[in-house]
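*Asks:* See coords-v9.txt below, with compact mmCIF, C-alpha atoms.
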```txt
# COMPACT_ATOMS: atom_id res chain seq x y z
CA MET T 93 23.43 14.13 -13.45
CA ALA T 94 23.89 14.31 -9.68
CA ARG T 95 21.49 12.34 -7.54
CA ALA T 96 18.84 14.51 -5.89
CA GLU T 97 19.70 15.00 -2.23
CA ILE T 98 16.74 15.17 0.15
CA GLU T 99 16.05 14.93 3.85
CA VAL T 100 12.75 14.03 5.48
CA ARG T 101 12.15 16.00 8.65
CA SER T 102 9.49 16.25 11.31
CA PHE T 103 6.89 18.95 10.70
CA ASP T 104 8.38 22.40 11.10
CA ASP T 105 6.21 25.53 11.06
CA ASP T 106 8.54 27.66 8.96
CA LEU T 107 9.42 24.94 6.45
CA ALA T 108 5.79 23.92 5.98
CA LEU T 109 4.70 27.52 5.47
CA GLN T 110 7.39 27.91 2.78
CA VAL T 111 5.96 24.90 0.94
CA MET T 112 2.43 26.27 1.16
CA ARG T 113 3.57 29.68 -0.08
CA ASN T 114 5.18 28.02 -3.12
CA LEU T 115 2.70 25.29 -4.03
CA ASP T 116 2.68 23.75 -7.45
CA VAL T 117 -0.02 25.57 -9.42
CA ASN T 118 -2.11 22.39 -9.69
CA ASP T 119 -1.73 21.58 -5.99
CA ALA T 120 -2.97 25.11 -5.22
CA LEU T 121 -5.92 24.64 -7.61
CA GLU T 122 -6.68 21.30 -5.97
CA VAL T 123 -6.80 22.97 -2.54
CA HIS T 124 -9.16 25.62 -3.90
CA MET T 125 -11.35 23.02 -5.65
CA MET T 126 -11.62 20.81 -2.57
CA ARG T 127 -12.41 23.73 -0.28
CA GLY T 128 -14.73 25.45 -2.72
CA ARG T 129 -12.94 28.78 -2.32
CA ALA T 130 -9.56 30.46 -2.63
CA THR T 131 -7.37 29.79 0.40
CA SER T 132 -4.33 31.77 1.45
CA PRO T 133 -1.09 29.91 2.21
CA LEU T 134 -1.30 31.06 5.82
CA ALA T 135 -4.88 29.75 6.22
CA LEU T 136 -3.89 26.43 4.66
CA TRP T 137 -0.85 26.19 6.94
CA ALA T 138 -3.00 26.98 10.00
CA ASP T 139 -5.48 24.24 9.09
CA TRP T 140 -2.68 21.74 8.45
CA ARG T 141 -1.01 22.58 11.75
CA ALA T 142 -4.29 22.35 13.70
CA VAL T 143 -4.78 18.77 12.52
CA ASN T 144 -1.23 17.73 13.49
CA ALA T 145 -2.41 16.66 16.95
CA PHE T 146 -4.43 13.90 15.25
CA ARG T 147 -1.74 12.77 12.83
CA ALA T 148 0.33 9.63 13.05
CA ALA T 149 2.87 11.54 10.96
CA SER T 150 3.42 15.04 9.68
CA ILE T 151 6.63 15.69 7.79
CA VAL T 152 8.39 18.17 5.55
CA ALA T 153 10.93 17.08 2.95
CA VAL T 154 13.75 19.40 1.99
CA ALA T 155 16.03 19.36 -1.05
CA ARG T 156 19.66 20.40 -1.21
CA ARG T 157 19.87 23.39 -3.56
CA ARG T 158 23.01 25.54 -3.95
CA ASN T 159 24.34 24.62 -0.49
CA ARG T 160 21.06 25.23 1.33
CA TRP T 161 18.03 23.13 2.21
CA VAL T 162 14.80 24.12 0.44
CA PRO T 163 11.45 22.65 1.61
CA PHE T 164 9.45 21.14 -1.26
CA VAL T 165 6.77 18.82 0.15
CA VAL T 166 4.57 18.29 3.21
CA LEU T 167 2.94 14.96 3.96
CA GLY T 168 0.61 13.93 6.74
CA VAL T 169 -1.29 10.82 7.78
CA ALA T 170 -4.12 11.29 10.26
CA ALA T 171 -6.34 8.91 12.15
CA THR T 172 -9.88 8.69 10.79
CA GLY T 173 -11.58 7.47 13.94
CA VAL T 174 -12.07 4.05 12.36
CA PRO T 175 -9.67 1.41 13.75
CA HIS T 176 -6.65 0.71 11.52
CA ILE T 177 -7.62 3.35 8.92
CA GLY T 178 -5.60 6.48 8.14
CA GLN T 179 -6.13 9.44 5.82
CA GLY T 180 -3.15 10.82 3.92
CA ALA T 181 -2.48 14.22 2.37
CA MET T 182 0.47 15.60 0.43
CA LEU T 183 1.18 19.02 -1.06
CA ALA T 184 4.30 19.95 -3.00
CA CYS T 185 6.08 22.82 -4.67
CA ASN T 186 6.50 22.92 -8.46
CA HIS T 187 6.41 19.31 -9.65
CA VAL T 188 8.61 20.06 -12.67
CA GLU T 189 11.25 22.06 -10.81
CA PHE T 190 11.42 19.46 -8.01
CA HIS T 191 10.87 16.40 -10.24
CA ASP T 192 14.00 14.50 -9.20
CA GLU T 193 13.48 15.31 -5.54
CA LEU T 194 9.82 14.23 -5.72
CA VAL T 195 10.85 10.93 -7.29
CA ARG T 196 13.36 10.32 -4.46
CA PHE T 197 10.76 11.30 -1.88
CA LEU T 198 8.09 9.02 -3.37
CA LEU T 199 10.53 6.10 -3.47
CA THR T 200 11.36 6.73 0.19
CA VAL T 201 7.68 6.87 1.14
CA ARG T 202 6.93 3.70 -0.81
CA GLN T 203 9.80 1.88 0.93
CA GLU T 204 8.89 3.13 4.42
CA LEU T 205 5.11 2.73 4.16
CA PRO T 206 4.86 -0.92 5.33
CA GLY T 207 6.95 -0.22 8.46
CA PHE T 208 5.04 2.97 9.15
CA ALA T 209 1.74 1.11 8.83
CA LEU T 210 2.95 -1.60 11.20
CA ASN T 211 4.17 0.94 13.78
CA HIS T 212 0.87 2.83 13.66
CA LYS T 213 -1.34 -0.25 13.30
CA LEU T 214 -2.79 0.80 9.95
CA ASN T 215 -4.32 -1.61 7.45
CA ARG T 216 -5.49 1.09 5.08
CA ILE T 217 -4.43 4.62 4.24
CA GLU T 218 -6.84 6.61 2.08
CA ALA T 219 -6.07 9.62 -0.07
CA ARG T 220 -8.10 11.71 -2.47
CA CYS T 221 -7.04 14.01 -5.26
CA TRP T 222 -8.73 16.41 -7.62
CA ALA T 223 -9.62 14.41 -10.74
CA ASP T 224 -8.29 17.15 -13.05
CA HIS T 225 -4.88 17.37 -11.36
CA PRO T 226 -2.40 16.33 -14.09
CA SER T 227 -0.02 14.38 -11.84
CA ALA T 228 -1.59 13.65 -8.44
CA ALA T 229 -3.04 10.27 -9.42
CA ASN T 230 0.32 9.18 -10.86
CA LEU T 231 2.12 10.27 -7.68
CA LEU T 232 -0.29 8.27 -5.51
CA GLU T 233 0.09 5.21 -7.72
CA ALA T 234 3.89 5.57 -7.56
CA ILE T 235 3.67 5.23 -3.77
CA GLY T 236 1.56 2.08 -4.12
CA PHE T 237 -1.95 3.47 -3.77
CA LYS T 238 -4.69 1.92 -5.91
CA HIS T 239 -7.52 3.86 -7.52
CA GLU T 240 -10.84 2.84 -6.00
CA GLY T 241 -13.27 5.17 -7.70
CA ASP T 242 -14.31 8.68 -8.55
CA LEU T 243 -16.44 10.75 -6.19
CA ASP T 244 -18.69 13.61 -7.30
CA GLY T 245 -20.30 16.43 -5.37
CA PHE T 246 -17.28 18.26 -3.92
CA GLY T 247 -16.31 21.92 -4.06
CA GLU T 248 -18.44 25.01 -4.36
CA GLY T 249 -21.59 24.10 -6.26
CA GLY T 250 -20.85 20.39 -5.92
CA ASN T 251 -19.28 20.18 -9.37
CA VAL T 252 -15.80 18.94 -8.41
CA ARG T 253 -14.84 15.31 -8.90
CA LEU T 254 -12.28 13.68 -6.63
CA ARG T 255 -10.47 10.41 -7.17
CA GLN T 256 -10.33 8.02 -4.20
CA PHE T 257 -7.17 5.96 -3.65
CA ALA T 258 -6.08 3.59 -0.91
CA TRP T 259 -2.93 1.81 0.13
CA ILE T 260 -3.74 -1.57 1.65
CA ASN T 261 -1.31 -3.13 4.10
CA PRO T 262 -0.06 -6.45 2.65
CA ASN T 263 0.36 -7.71 6.24
CA PRO T 264 -2.92 -6.75 7.92
CA ILE T 265 -2.99 -5.84 11.59
CA THR T 266 -5.44 -8.13 13.39
CA GLU T 267 -4.98 -6.92 16.97
CA PRO T 268 -7.32 -4.27 18.35
CA ASN T 269 -6.29 -0.61 18.39
CA GLU T 270 -5.46 0.74 21.81
```
For the file at hand, write its structure as structure tokens.
*Replies:*
Amino acid sequence: MARAEIEVRSFDDDLALQVMRNLDVNDALEVHMMRGRATSPLALWADWRAVNAFRAASIVAVARRRNRWVPFVVLGVAATGVPHIGQGAMLACNHVEFHDELVRFLLTVRQELPGFALNHKLNRIEARCWADHPSAANLLEAIGFKHEGDLDGFGEGGNVRLRQFAWINPNPITEPNE
């Protein structure tokens, strides 16, 4: 089997919107559960783009398919307002169809995370996922995030449980943020 070919690119409006229009069914459900309502791909894209000004990173990964590049994942890490702490988010297209590409992407993220954290002075990056998502927790753990606990009270009616994860920098930043 040929090795999955991917590229990681800076956020691009058109590529990101394509991902959000073709979300994995469970990623789309997770978005709806966390927001407490159905959300159109365009509304999700607009919210994602609006937060980009506060992100240390916002990227789109593309996969080589039949001699063209197809976007399959968006990932962002934003400042939280607390020194040295970031908040991560990732949404992807069909996890089965893009399995090999997701594996390559996750390996790349895992490898690049320590350098990224150093460059952006981050000791901790937090991420949450819908507790009933069949693969989100595994994807976070594959990147090196550790499960910290389950959080109740989210979504419409407060009946959605989220799982809290964090990646902790093995070489903590001790200097003050600028």
*Asks:* Could you name the residues that touch His239 in chain T at 8 Å or less, counting only C-alpha atoms, but leaving out those on the same chain fewer than 6 positions away, as a PyMOL selection string?
*Replies:* chain T and resi 233+255-258
*Asks:* Have a look at CA of His124 in chain T and CA of Phe197 in chain T and let me know their distance in Å, one decimal.
*Replies:*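 Those two atoms sit 24.6 Å apart.
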*Asks:* Hey, what's within 8 Å of Gly168 in chain T if we count all atoms listed in the file and toss same-chain stuff fewer than 3 positions away? As a ChimeraX atom specification, please?
*Replies:* /T:144,147-151,180-182
*Asks:* Please list, as a list in words, the residues that have an atom at most 12 Å away from (10.2, 19.1, -10.6) in the coordinates of this file, counting all atoms listed in the file.
*Replies:* Ala96, Leu115, Asp116, Ala155, Phe164, Val165, Ala184, Cys185, Asn186, His187, Val188, Glu189, Phe190, His191, Asp192, Glu193, Leu194, Val195, Arg196, Phe197 and Ser227 of chain T
*Asks:* Determine the nearest neighbour of Val152 in chain T from the options T:Val100, T:Leu134, T:Pro206, T:Thr200, counting all atoms listed in the file.
*Replies:* T:Val100
*Asks:* Which residue is closest to Ala170 in chain T? Choose from T:Leu198, T:Ala135, T:Ala228, T:Ala145 and count all atoms listed in the file.
*Replies:* T:Ala145
*Asks:* For Ser102 in chain T, which residue among T:Asn159, T:Leu167, T:Ala138, T:Leu121 is the nearest when counting all atoms listed in the file?
*Replies:*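 Among the listed residues, T:Leu167 lies closest to Ser102 in chain T.
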*Asks:* For Met125 in chain T, please output as a count of residues only all residues within 12 Å (counting all atoms listed in the file; exclusion window: fewer than 2 positions along the same chain).
*Replies:* 26
